[in-house]
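Listing of upload-v3.pdb; format and content: PDB, C-alpha atoms and all ligand atoms.
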ATOM      1  CA  MET A 625      83.345-159.412 130.674
ATOM      2  CA  SER A 626      81.447-156.501 132.199
ATOM      3  CA  LYS A 627      77.991-155.673 130.952
ATOM      4  CA  LEU A 628      79.137-152.225 129.881
ATOM      5  CA  VAL A 629      82.581-151.706 128.371
ATOM      6  CA  ALA A 630      84.367-149.169 126.231
ATOM      7  CA  ARG A 631      86.968-150.352 123.763
ATOM      8  CA  GLU A 632      89.488-147.950 122.266
ATOM      9  CA  LEU A 633      86.838-145.311 122.588
ATOM     10  CA  THR A 634      87.656-142.054 120.845
ATOM     11  CA  LEU A 635      85.257-139.141 121.216
ATOM     12  CA  ALA A 636      85.340-135.840 119.406
ATOM     13  CA  TYR A 637      83.369-132.672 118.804
ATOM     14  CA  GLU A 638      83.819-131.714 115.176
ATOM     15  CA  ASP A 639      87.578-131.676 114.643
ATOM     16  CA  ARG A 640      88.547-131.675 118.323
ATOM     17  CA  THR A 641      89.244-135.052 119.909
ATOM     18  CA  VAL A 642      88.591-134.975 123.647
ATOM     19  CA  VAL A 643      88.767-138.648 124.612
ATOM     20  CA  HIS A 644      91.582-140.774 123.257
ATOM     21  CA  GLY A 645      91.356-144.540 122.838
ATOM     22  CA  LEU A 646      89.741-145.201 126.207
ATOM     23  CA  ASP A 647      89.451-148.783 127.461
ATOM     24  CA  LEU A 648      87.084-149.068 130.392
ATOM     25  CA  ASP A 649      85.255-151.977 131.996
ATOM     26  CA  ILE A 650      82.440-150.894 134.287
ATOM     27  CA  PRO A 651      82.400-153.499 137.068
ATOM     28  CA  ASP A 652      78.954-155.111 137.294
ATOM     29  CA  GLY A 653      77.001-154.499 140.466
ATOM     30  CA  ARG A 654      79.490-151.981 141.794
ATOM     31  CA  VAL A 655      79.701-148.224 142.169
ATOM     32  CA  SER A 656      82.291-146.649 139.876
ATOM     33  CA  VAL A 657      83.227-143.018 140.272
ATOM     34  CA  ILE A 658      84.983-140.948 137.616
ATOM     35  CA  VAL A 659      87.079-138.007 138.806
ATOM     36  CA  GLY A 660      89.329-135.549 137.024
ATOM     37  CA  PRO A 661      89.831-131.853 136.342
ATOM     38  CA  ASN A 662      87.350-129.687 134.463
ATOM     39  CA  ALA A 663      87.207-130.373 130.737
ATOM     40  CA  CYS A 664      89.136-133.661 130.951
ATOM     41  CA  GLY A 665      86.290-135.528 129.241
ATOM     42  CA  LYS A 666      84.250-137.039 132.098
ATOM     43  CA  SER A 667      80.835-135.920 130.842
ATOM     44  CA  THR A 668      81.776-136.725 127.269
ATOM     45  CA  THR A 669      82.700-140.263 128.317
ATOM     46  CA  LEU A 670      79.530-140.706 130.344
ATOM     47  CA  ARG A 671      77.384-139.505 127.462
ATOM     48  CA  ALA A 672      79.021-141.989 125.141
ATOM     49  CA  LEU A 673      78.404-144.784 127.673
ATOM     50  CA  GLY A 674      74.711-143.813 127.571
ATOM     51  CA  ARG A 675      74.667-143.513 123.774
ATOM     52  CA  LEU A 676      73.995-139.790 123.789
ATOM     53  CA  LEU A 677      77.207-139.338 121.845
ATOM     54  CA  LYS A 678      78.389-141.421 118.923
ATOM     55  CA  PRO A 679      81.990-142.610 119.091
ATOM     56  CA  ARG A 680      84.429-141.194 116.580
ATOM     57  CA  GLY A 681      86.426-144.382 116.960
ATOM     58  CA  GLY A 682      86.199-147.622 118.934
ATOM     59  CA  SER A 683      82.967-148.646 120.610
ATOM     60  CA  VAL A 684      80.793-149.014 123.678
ATOM     61  CA  LEU A 685      79.427-152.507 124.190
ATOM     62  CA  LEU A 686      76.381-153.511 126.209
ATOM     63  CA  ASP A 687      76.353-157.269 126.818
ATOM     64  CA  GLY A 688      78.896-157.593 124.032
ATOM     65  CA  THR A 689      76.848-155.730 121.432
ATOM     66  CA  GLU A 690      77.728-152.289 120.143
ATOM     67  CA  LEU A 691      75.302-149.668 121.455
ATOM     68  CA  ALA A 692      74.694-148.427 117.916
ATOM     69  CA  ARG A 693      73.162-151.819 117.048
ATOM     70  CA  ILE A 694      70.754-151.953 119.973
ATOM     71  CA  PRO A 695      67.227-150.507 119.655
ATOM     72  CA  THR A 696      66.844-147.258 121.592
ATOM     73  CA  ARG A 697      64.033-148.575 123.763
ATOM     74  CA  ARG A 698      66.111-151.524 124.881
ATOM     75  CA  ILE A 699      68.985-149.246 125.813
ATOM     76  CA  ALA A 700      66.591-146.982 127.698
ATOM     77  CA  ARG A 701      65.437-149.957 129.748
ATOM     78  CA  SER A 702      69.015-150.897 130.562
ATOM     79  CA  ILE A 703      70.833-147.598 130.960
ATOM     80  CA  GLY A 704      69.567-144.513 132.788
ATOM     81  CA  LEU A 705      71.606-141.344 132.325
ATOM     82  CA  LEU A 706      71.364-138.135 134.281
ATOM     83  CA  PRO A 707      73.293-135.486 132.298
ATOM     84  CA  GLN A 708      75.282-132.717 133.950
ATOM     85  CA  SER A 709      72.861-129.918 133.006
ATOM     86  CA  PRO A 710      69.507-131.415 132.091
ATOM     87  CA  VAL A 711      66.867-129.070 130.716
ATOM     88  CA  ALA A 712      63.241-129.564 131.723
ATOM     89  CA  PRO A 713      60.389-128.869 129.303
ATOM     90  CA  GLU A 714      58.855-125.518 130.146
ATOM     91  CA  ALA A 715      56.215-125.453 132.908
ATOM     92  CA  ILE A 716      56.324-129.213 133.462
ATOM     93  CA  THR A 717      55.407-130.340 136.977
ATOM     94  CA  VAL A 718      57.595-132.478 139.170
ATOM     95  CA  ALA A 719      55.289-135.499 138.945
ATOM     96  CA  ASP A 720      55.147-135.231 135.156
ATOM     97  CA  LEU A 721      58.896-134.966 134.798
ATOM     98  CA  VAL A 722      59.512-137.970 137.030
ATOM     99  CA  SER A 723      56.867-139.882 135.044
ATOM    100  CA  ARG A 724      58.935-139.339 131.905
ATOM    101  CA  GLY A 725      61.369-141.837 133.361
ATOM    102  CA  ARG A 726      58.738-144.454 132.477
ATOM    103  CA  GLN A 727      58.673-143.600 128.777
ATOM    104  CA  PRO A 728      60.756-146.625 127.745
ATOM    105  CA  TYR A 729      57.955-148.810 129.142
ATOM    106  CA  GLN A 730      55.047-147.153 127.314
ATOM    107  CA  HIS A 731      53.467-148.644 124.190
ATOM    108  CA  TRP A 732      50.480-147.599 122.169
ATOM    109  CA  TRP A 733      48.751-150.764 123.328
ATOM    110  CA  GLN A 734      49.731-150.373 126.914
ATOM    111  CA  GLN A 735      49.274-147.051 128.623
ATOM    112  CA  TRP A 736      50.191-146.059 132.143
ATOM    113  CA  SER A 737      50.215-149.128 134.431
ATOM    114  CA  ASP A 738      50.198-149.758 138.171
ATOM    115  CA  GLU A 739      53.812-150.726 137.796
ATOM    116  CA  ASP A 740      54.608-147.289 136.320
ATOM    117  CA  GLU A 741      52.704-145.613 139.138
ATOM    118  CA  ARG A 742      54.582-147.608 141.758
ATOM    119  CA  ALA A 743      57.978-146.811 140.200
ATOM    120  CA  VAL A 744      57.241-143.077 140.105
ATOM    121  CA  THR A 745      55.839-142.936 143.645
ATOM    122  CA  GLU A 746      58.810-144.863 144.964
ATOM    123  CA  ALA A 747      61.376-142.747 143.109
ATOM    124  CA  MET A 748      59.795-139.544 144.427
ATOM    125  CA  ALA A 749      59.718-140.849 147.980
ATOM    126  CA  ARG A 750      63.337-141.991 147.859
ATOM    127  CA  THR A 751      64.546-138.587 146.683
ATOM    128  CA  ASP A 752      62.308-136.669 149.063
ATOM    129  CA  VAL A 753      60.354-134.787 146.396
ATOM    130  CA  THR A 754      56.864-136.178 147.014
ATOM    131  CA  ALA A 755      55.725-132.932 148.617
ATOM    132  CA  LEU A 756      56.791-131.057 145.465
ATOM    133  CA  ALA A 757      54.753-133.252 143.103
ATOM    134  CA  ASP A 758      52.480-130.529 141.736
ATOM    135  CA  ARG A 759      55.038-127.719 141.601
ATOM    136  CA  PRO A 760      56.438-126.557 138.261
ATOM    137  CA  VAL A 761      60.055-127.713 137.951
ATOM    138  CA  ASP A 762      61.283-124.292 136.821
ATOM    139  CA  GLU A 763      60.122-122.747 140.088
ATOM    140  CA  LEU A 764      62.227-125.023 142.273
ATOM    141  CA  SER A 765      65.563-124.302 143.897
ATOM    142  CA  GLY A 766      68.657-125.791 142.263
ATOM    143  CA  GLY A 767      68.884-128.532 144.852
ATOM    144  CA  GLN A 768      65.203-129.448 144.706
ATOM    145  CA  ARG A 769      65.421-129.602 140.920
ATOM    146  CA  GLN A 770      68.471-131.819 141.056
ATOM    147  CA  ARG A 771      66.613-134.287 143.284
ATOM    148  CA  VAL A 772      63.701-134.325 140.840
ATOM    149  CA  TRP A 773      66.071-135.268 138.018
ATOM    150  CA  ILE A 774      67.508-138.035 140.121
ATOM    151  CA  ALA A 775      63.954-139.231 140.797
ATOM    152  CA  MET A 776      63.342-139.375 137.065
ATOM    153  CA  ALA A 777      66.454-141.449 136.506
ATOM    154  CA  LEU A 778      65.413-143.788 139.342
ATOM    155  CA  ALA A 779      61.884-144.174 137.972
ATOM    156  CA  GLN A 780      63.431-145.576 134.808
ATOM    157  CA  GLU A 781      64.496-148.581 136.939
ATOM    158  CA  THR A 782      67.495-149.516 134.858
ATOM    159  CA  GLU A 783      70.168-151.992 135.772
ATOM    160  CA  LEU A 784      72.799-149.389 134.913
ATOM    161  CA  LEU A 785      72.647-145.870 136.245
ATOM    162  CA  LEU A 786      74.973-143.131 134.976
ATOM    163  CA  LEU A 787      74.945-139.915 137.004
ATOM    164  CA  ASP A 788      76.902-136.820 136.019
ATOM    165  CA  GLU A 789      77.642-134.753 139.115
ATOM    166  CA  PRO A 790      74.372-135.612 140.857
ATOM    167  CA  THR A 791      75.367-133.672 143.964
ATOM    168  CA  THR A 792      75.744-130.298 142.244
ATOM    169  CA  PHE A 793      73.580-127.645 143.941
ATOM    170  CA  LEU A 794      72.865-129.902 146.912
ATOM    171  CA  ASP A 795      73.587-128.841 150.456
ATOM    172  CA  ILE A 796      75.860-131.143 152.429
ATOM    173  CA  SER A 797      73.104-133.246 153.987
ATOM    174  CA  HIS A 798      71.330-133.760 150.669
ATOM    175  CA  GLN A 799      74.669-134.646 149.075
ATOM    176  CA  VAL A 800      75.179-137.370 151.621
ATOM    177  CA  GLU A 801      71.570-138.444 151.242
ATOM    178  CA  VAL A 802      71.839-138.808 147.469
ATOM    179  CA  LEU A 803      75.115-140.691 147.629
ATOM    180  CA  ASP A 804      73.774-142.945 150.377
ATOM    181  CA  LEU A 805      70.714-143.579 148.251
ATOM    182  CA  VAL A 806      72.881-144.553 145.309
ATOM    183  CA  ARG A 807      74.848-146.900 147.539
ATOM    184  CA  ARG A 808      71.662-148.416 148.900
ATOM    185  CA  LEU A 809      70.274-149.004 145.410
ATOM    186  CA  ASN A 810      73.529-150.639 144.524
ATOM    187  CA  HIS A 811      73.582-152.781 147.631
ATOM    188  CA  GLU A 812      69.937-153.783 147.817
ATOM    189  CA  GLN A 813      69.172-154.085 144.126
ATOM    190  CA  GLY A 814      72.597-154.851 142.710
ATOM    191  CA  ARG A 815      72.436-151.908 140.358
ATOM    192  CA  THR A 816      75.590-150.897 138.549
ATOM    193  CA  VAL A 817      76.277-147.211 139.019
ATOM    194  CA  VAL A 818      78.732-144.832 137.393
ATOM    195  CA  ILE A 819      78.981-141.373 138.922
ATOM    196  CA  VAL A 820      81.028-138.358 137.975
ATOM    197  CA  LEU A 821      82.009-136.477 141.125
ATOM    198  CA  HIS A 822      84.232-133.504 141.802
ATOM    199  CA  ASP A 823      84.709-134.081 145.488
ATOM    200  CA  LEU A 824      87.635-136.481 145.761
ATOM    201  CA  ASN A 825      86.837-137.354 149.339
ATOM    202  CA  GLN A 826      83.260-138.269 148.538
ATOM    203  CA  ALA A 827      84.541-140.206 145.542
ATOM    204  CA  ALA A 828      86.907-142.146 147.781
ATOM    205  CA  ARG A 829      84.125-142.825 150.282
ATOM    206  CA  TYR A 830      81.529-144.053 147.849
ATOM    207  CA  ALA A 831      83.476-145.702 145.033
ATOM    208  CA  ASP A 832      84.171-149.401 144.805
ATOM    209  CA  HIS A 833      86.043-148.569 141.660
ATOM    210  CA  LEU A 834      87.632-145.179 141.098
ATOM    211  CA  VAL A 835      88.617-143.929 137.660
ATOM    212  CA  ALA A 836      90.895-140.890 137.454
ATOM    213  CA  MET A 837      90.987-139.101 134.115
ATOM    214  CA  LYS A 838      93.211-136.405 132.746
ATOM    215  CA  ALA A 839      93.124-134.842 129.284
ATOM    216  CA  GLY A 840      90.861-137.511 127.830
ATOM    217  CA  ARG A 841      92.763-140.489 129.167
ATOM    218  CA  ILE A 842      92.569-142.741 132.203
ATOM    219  CA  VAL A 843      95.494-142.063 134.495
ATOM    220  CA  ALA A 844      94.673-144.574 137.228
ATOM    221  CA  GLU A 845      91.821-146.864 138.224
ATOM    222  CA  GLY A 846      91.048-149.315 140.979
ATOM    223  CA  ALA A 847      90.117-149.319 144.650
ATOM    224  CA  PRO A 848      90.184-145.784 146.121
ATOM    225  CA  ALA A 849      92.754-146.806 148.737
ATOM    226  CA  LYS A 850      95.156-147.689 145.937
ATOM    227  CA  VAL A 851      94.333-144.860 143.569
ATOM    228  CA  VAL A 852      94.067-141.798 145.806
ATOM    229  CA  THR A 853      97.596-140.780 146.748
ATOM    230  CA  ARG A 854      99.319-137.422 146.974
ATOM    231  CA  GLU A 855     101.221-138.319 143.800
ATOM    232  CA  LEU A 856      97.963-138.884 141.941
ATOM    233  CA  VAL A 857      96.464-135.640 143.242
ATOM    234  CA  ARG A 858      99.602-133.833 142.087
ATOM    235  CA  GLU A 859      99.612-135.531 138.691
ATOM    236  CA  VAL A 860      95.909-135.176 137.941
ATOM    237  CA  PHE A 861      95.040-131.886 139.604
ATOM    238  CA  GLY A 862      98.460-130.260 139.914
ATOM    239  CA  LEU A 863      97.757-129.791 143.611
ATOM    240  CA  GLU A 864      99.937-130.396 146.641
ATOM    241  CA  SER A 865      98.070-132.246 149.362
ATOM    242  CA  VAL A 866      98.290-134.547 152.305
ATOM    243  CA  VAL A 867      96.337-137.799 152.164
ATOM    244  CA  ILE A 868      95.210-139.199 155.501
ATOM    245  CA  PRO A 869      92.712-141.900 156.452
ATOM    246  CA  ASP A 870      89.164-140.579 156.650
ATOM    247  CA  PRO A 871      88.365-140.667 160.390
ATOM    248  CA  VAL A 872      84.912-142.091 159.728
ATOM    249  CA  THR A 873      85.415-144.558 156.891
ATOM    250  CA  GLY A 874      89.166-145.121 156.685
ATOM    251  CA  SER A 875      89.099-144.259 152.970
ATOM    252  CA  PRO A 876      91.693-141.771 151.694
ATOM    253  CA  LEU A 877      90.982-138.192 152.711
ATOM    254  CA  VAL A 878      92.672-135.510 150.636
ATOM    255  CA  VAL A 879      93.603-132.386 152.526
ATOM    256  CA  PRO A 880      94.811-129.679 150.127
ATOM    257  CA  GLY A 881      98.135-128.008 150.816
ATOM    258  CA  ALA A 882      98.349-124.821 152.873
ATOM    259  CA  PRO A 883      96.124-122.034 151.543
ATOM    260  CA  TYR A 884      97.438-118.591 150.781
ATOM    261  CA  SER A 885      97.896-116.494 153.820
ATOM    262  CA  PRO A 886     100.010-113.374 154.377
ATOM    263  CA  GLU A 887     101.977-114.845 157.292
ATOM    264  CA  ARG A 888     103.331-117.760 155.304
ATOM    265  CA  THR A 889     106.816-116.268 154.780
ATOM    266  CA  ASP A 890     107.748-116.121 158.469
ATOM    267  CA  GLY A 891     105.463-118.939 159.563
ATOM    268  CA  ARG A 892     103.735-116.856 162.227
ATOM    269  CA  ALA A 893     100.056-116.395 162.411
ATOM    270  CA  VAL A 894      98.666-112.977 161.732
ATOM    271  CA  HIS A 895      95.760-112.148 163.944
ATOM    272  CA  SER A 896      92.949-109.955 162.807
ATOM    273  CA  ARG A 897      93.483-106.265 163.112
TER
HETATM  274  N1  LIG B 901      78.866-129.966 122.889
HETATM  275  C1  LIG B 901      80.170-129.697 122.802
HETATM  276  N2  LIG B 901      80.699-129.134 121.686
HETATM  277  C2  LIG B 901      82.023-128.867 121.590
HETATM  278  N3  LIG B 901      82.911-129.127 122.559
HETATM  279  C3  LIG B 901      82.455-129.669 123.690
HETATM  280  C4  LIG B 901      81.067-129.992 123.878
HETATM  281  N4  LIG B 901      80.907-130.531 125.108
HETATM  282  C5  LIG B 901      82.138-130.541 125.664
HETATM  283  N5  LIG B 901      83.072-130.044 124.823
HETATM  284  C6  LIG B 901      84.522-129.911 125.083
HETATM  285  O1  LIG B 901      85.047-131.205 125.344
HETATM  286  C7  LIG B 901      85.990-131.153 126.409
HETATM  287  C8  LIG B 901      85.555-132.148 127.490
HETATM  288  O2  LIG B 901      84.332-131.686 128.060
HETATM  289  P1  LIG B 901      83.546-132.495 129.155
HETATM  290  O3  LIG B 901      82.232-131.824 129.311
HETATM  291  O4  LIG B 901      83.549-133.928 128.813
HETATM  292  O5  LIG B 901      84.463-132.241 130.421
HETATM  293  P2  LIG B 901      84.248-132.662 131.953
HETATM  294  O6  LIG B 901      85.431-133.485 132.338
HETATM  295  O7  LIG B 901      82.919-133.232 132.153
HETATM  296  O8  LIG B 901      84.383-131.232 132.661
HETATM  297  P3  LIG B 901      83.584-130.602 133.944
HETATM  298  O9  LIG B 901      84.261-131.121 135.161
HETATM  299  O10 LIG B 901      83.830-129.132 133.783
HETATM  300  O11 LIG B 901      82.145-130.981 133.831
HETATM  301  C9  LIG B 901      86.063-129.710 126.862
HETATM  302  O12 LIG B 901      87.183-129.113 126.286
HETATM  303  C10 LIG B 901      84.785-129.096 126.331
HETATM  304  O13 LIG B 901      84.977-127.745 126.016
HETATM  305 MG    MG B 902      81.260-132.589 133.118
END
So that I can check it, write out the structure of this file as structure tokens.
Amino acid sequence: MSKLVARELTLAYEDRTVVHGLDLDIPDGRVSVIVGPNACGKSTTLRALGRLLKPRGGSVLLDGTELARIPTRRIARSIGLLPQSPVAPEAITVADLVSRGRQPYQHWWQQWSDEDERAVTEAMARTDVTALADRPVDELSGGQRQRVWIAMALAQETELLLLDEPTTFLDISHQVEVLDLVRRLNHEQGRTVVIVLHDLNQAARYADHLVAMKAGRIVAEGAPAKVVTRELVREVFGLESVVIPDPVTGSPLVVPGAPYSPERTDGRAVHSR
């Protein structure tokens, strides 16, 4: 059995159920990517996997034990979660925010250690935010801030890492950098990663295991080459597309159907006036 599993997981906000009886095994030591349209329940699911949200029904199990029965500190040492829109404490500096990733390791009898220092320095270097260390987080650009949050999650040094749209706000090279970093952590340190991504092509490139959700249910899961088909894109996103092999990686590349253009009816190109 996987370290982290969901069994018949039902999640709701007040009287509205948004995730329905989900069964999900997160493959150990692999990168899983969750995709699906807006509001289908990706973030809700991820938050429940990280115990930020209590199940309405069913359960999430870590090593076979229900999350609700595990002490918070132990969960925080096992599962790191980067939410979709994290909010930083006012006027906190980059270094201080990243250091908060070490909170699960602090005790009244043991204050900041060399080990904590090493983890923070390393996390900041890996996410390229070392030069920002003394800057207030609320004065950073969206992309810089996003990398600081990722640094905080990395500093937590958990076996499981859950990232909700970690590439939001990042320019294309930083997107690739973050996803490569996640892959490297997975490869070199055997960390289990679950990422929510909107970009299907990135999802197909980086996932070992792809989970496609729609309306609070899993529609398909497995290797990207099996899951990402034009039928799936039509079913999940209601979009016509062509799926071709990615010229660089060979993974499925989704090319959306023809965009609107005024010449479509007679098939001839209209050149600019
Ligand atoms: N705190 C909340 N209170 C009430 N309803 C919520 C809350 N958070 C999310 N929802 C609702 O639950 C549903 C699922 O939301 P969720 O954030 O899980 O979607 P998502 O798949 O992550 O979407 P996106 O791609 O836009 O991030 C949506 O209908 C949303 O409006
Ligand atoms: Mg979301």
Would you please work out which residue, of A:Gln730, A:Ser656, A:Thr751, A:Gln780, is nearest to Gly704 of chain A when using all atoms listed in the file? A:Gln780
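Between ligand MG 902 (chain B) and the candidates A:Lys678, A:Arg759, A:Arg807, A:His822, the tightest atom-to-atom separation, counting all atoms listed in the file, involves A:His822.
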Decode the PyMOL selection byres (((chain A and resi 852) around 12) and not hetatm) for the given file into explicit residues and return them as a tab-separated table (two decimals) with C-alpha atoms, keeping the file's coordinate frame.
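Heads up, here's the output in part-v9.tsv:
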chain	number	residue	atom	x	y	z
A	659	VAL	CA	87.08	-138.01	138.81
A	660	GLY	CA	89.33	-135.55	137.02
A	824	LEU	CA	87.64	-136.48	145.76
A	825	ASN	CA	86.84	-137.35	149.34
A	826	GLN	CA	83.26	-138.27	148.54
A	827	ALA	CA	84.54	-140.21	145.54
A	828	ALA	CA	86.91	-142.15	147.78
A	829	ARG	CA	84.12	-142.82	150.28
A	831	ALA	CA	83.48	-145.70	145.03
A	833	HIS	CA	86.04	-148.57	141.66
A	834	LEU	CA	87.63	-145.18	141.10
A	835	VAL	CA	88.62	-143.93	137.66
A	836	ALA	CA	90.90	-140.89	137.45
A	843	VAL	CA	95.49	-142.06	134.50
A	844	ALA	CA	94.67	-144.57	137.23
A	845	GLU	CA	91.82	-146.86	138.22
A	846	GLY	CA	91.05	-149.32	140.98
A	847	ALA	CA	90.12	-149.32	144.65
A	848	PRO	CA	90.18	-145.78	146.12
A	849	ALA	CA	92.75	-146.81	148.74
A	850	LYS	CA	95.16	-147.69	145.94
A	851	VAL	CA	94.33	-144.86	143.57
A	853	THR	CA	97.60	-140.78	146.75
A	854	ARG	CA	99.32	-137.42	146.97
A	855	GLU	CA	101.22	-138.32	143.80
A	856	LEU	CA	97.96	-138.88	141.94
A	857	VAL	CA	96.46	-135.64	143.24
A	858	ARG	CA	99.60	-133.83	142.09
A	859	GLU	CA	99.61	-135.53	138.69
A	860	VAL	CA	95.91	-135.18	137.94
A	861	PHE	CA	95.04	-131.89	139.60
A	865	SER	CA	98.07	-132.25	149.36
A	866	VAL	CA	98.29	-134.55	152.30
A	867	VAL	CA	96.34	-137.80	152.16
A	868	ILE	CA	95.21	-139.20	155.50
A	869	PRO	CA	92.71	-141.90	156.45
A	870	ASP	CA	89.16	-140.58	156.65
A	875	SER	CA	89.10	-144.26	152.97
A	876	PRO	CA	91.69	-141.77	151.69
A	877	LEU	CA	90.98	-138.19	152.71
A	878	VAL	CA	92.67	-135.51	150.64
A	879	VAL	CA	93.60	-132.39	152.53
Residues of chain A that have any atom at most 9 Å from an atom of ligand LIG 901 (chain B): could you tabulate them with the shortest-distance atom pair and the distance in Å to one decimal, using all atoms listed in the file, ordered by chain and increasing number, as a Markdown table?
| residue | atom | partner | partner_atom | distance |
| --- | --- | --- | --- | --- |
| A:Leu635 | CA | B:LIG901 | O1 | 8.9 |
| A:Ala636 | CA | B:LIG901 | O1 | 7.5 |
| A:Tyr637 | CA | B:LIG901 | C2 | 4.9 |
| A:Glu638 | CA | B:LIG901 | C2 | 7.2 |
| A:Arg640 | CA | B:LIG901 | N3 | 7.5 |
| A:Thr641 | CA | B:LIG901 | O1 | 7.9 |
| A:Val642 | CA | B:LIG901 | C7 | 5.4 |
| A:Val643 | CA | B:LIG901 | C8 | 7.8 |
| A:Val659 | CA | B:LIG901 | O6 | 8.1 |
| A:Gly660 | CA | B:LIG901 | O6 | 6.4 |
| A:Pro661 | CA | B:LIG901 | O9 | 5.7 |
| A:Asn662 | CA | B:LIG901 | O9 | 3.5 |
| A:Ala663 | CA | B:LIG901 | O5 | 3.3 |
| A:Cys664 | CA | B:LIG901 | O6 | 4.0 |
| A:Gly665 | CA | B:LIG901 | O4 | 3.2 |
| A:Lys666 | CA | B:LIG901 | O6 | 3.8 |
| A:Ser667 | CA | B:LIG901 | O7 | 3.6 |
| A:Thr668 | CA | B:LIG901 | O4 | 3.7 |
| A:Thr669 | CA | B:LIG901 | O4 | 6.4 |
| A:Leu670 | CA | B:LIG901 | O4 | 8.0 |
| A:Arg671 | CA | B:LIG901 | O4 | 8.4 |
| A:Gln708 | CA | B:LIG901 | O11 | 7.1 |
| A:Asp788 | CA | B:LIG901 | O7 | 8.0 |
| A:Glu789 | CA | B:LIG901 | O11 | 7.9 |
| A:Val820 | CA | B:LIG901 | O7 | 8.0 |
| A:Leu821 | CA | B:LIG901 | O9 | 8.3 |
| A:His822 | CA | B:LIG901 | O9 | 7.1 |
| A:Met837 | CA | B:LIG901 | O6 | 8.1 |
| A:Lys838 | CA | B:LIG901 | O6 | 8.3 |
| A:Ala839 | CA | B:LIG901 | C8 | 8.2 |
| A:Gly840 | CA | B:LIG901 | C8 | 7.6 |
Mind giving me the straight-line distance from atom CA of Pro790 of chain A to atom CA of Arg693 of chain A in Å, one decimal?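 That distance, rounded to one decimal, is 28.8 Å.
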Final N, CA and C atoms of segment 758-773 of chain A as a CSV table (one decimal), keeping the file's coordinate frame:
chain,number,residue,atom,x,y,z
A,758,ASP,N,53.3,-131.4,142.6
A,758,ASP,CA,52.5,-130.5,141.7
A,758,ASP,C,53.1,-129.2,141.4
A,759,ARG,N,54.4,-129.0,141.9
A,759,ARG,CA,55.0,-127.7,141.6
A,759,ARG,C,55.7,-127.7,140.2
A,760,PRO,N,55.7,-126.6,139.5
A,760,PRO,CA,56.4,-126.6,138.3
A,760,PRO,C,57.9,-126.7,138.5
A,761,VAL,N,58.6,-127.5,137.7
A,761,VAL,CA,60.1,-127.7,138.0
A,761,VAL,C,60.9,-126.4,137.9
A,762,ASP,N,60.5,-125.5,137.0
A,762,ASP,CA,61.3,-124.3,136.8
A,762,ASP,C,61.1,-123.3,138.0
A,763,GLU,N,60.2,-123.6,138.9
A,763,GLU,CA,60.1,-122.7,140.1
A,763,GLU,C,60.8,-123.3,141.3
A,764,LEU,N,61.6,-124.4,141.1
A,764,LEU,CA,62.2,-125.0,142.3
A,764,LEU,C,63.6,-124.5,142.5
A,765,SER,N,64.2,-124.7,143.7
A,765,SER,CA,65.6,-124.3,143.9
A,765,SER,C,66.5,-125.3,143.2
A,766,GLY,N,67.7,-124.9,143.0
A,766,GLY,CA,68.7,-125.8,142.3
A,766,GLY,C,68.7,-127.2,142.9
A,767,GLY,N,68.8,-127.2,144.2
A,767,GLY,CA,68.9,-128.5,144.9
A,767,GLY,C,67.6,-129.4,144.7
A,768,GLN,N,66.5,-128.7,144.9
A,768,GLN,CA,65.2,-129.4,144.7
A,768,GLN,C,65.1,-130.0,143.3
A,769,ARG,N,65.5,-129.2,142.3
A,769,ARG,CA,65.4,-129.6,140.9
A,769,ARG,C,66.3,-130.8,140.7
A,770,GLN,N,67.5,-130.7,141.2
A,770,GLN,CA,68.5,-131.8,141.1
A,770,GLN,C,67.9,-133.1,141.6
A,771,ARG,N,67.2,-133.1,142.7
A,771,ARG,CA,66.6,-134.3,143.3
A,771,ARG,C,65.5,-134.8,142.4
A,772,VAL,N,64.8,-133.9,141.8
A,772,VAL,CA,63.7,-134.3,140.8
A,772,VAL,C,64.3,-135.1,139.6
A,773,TRP,N,65.4,-134.6,139.1
A,773,TRP,CA,66.1,-135.3,138.0
A,773,TRP,C,66.5,-136.7,138.4
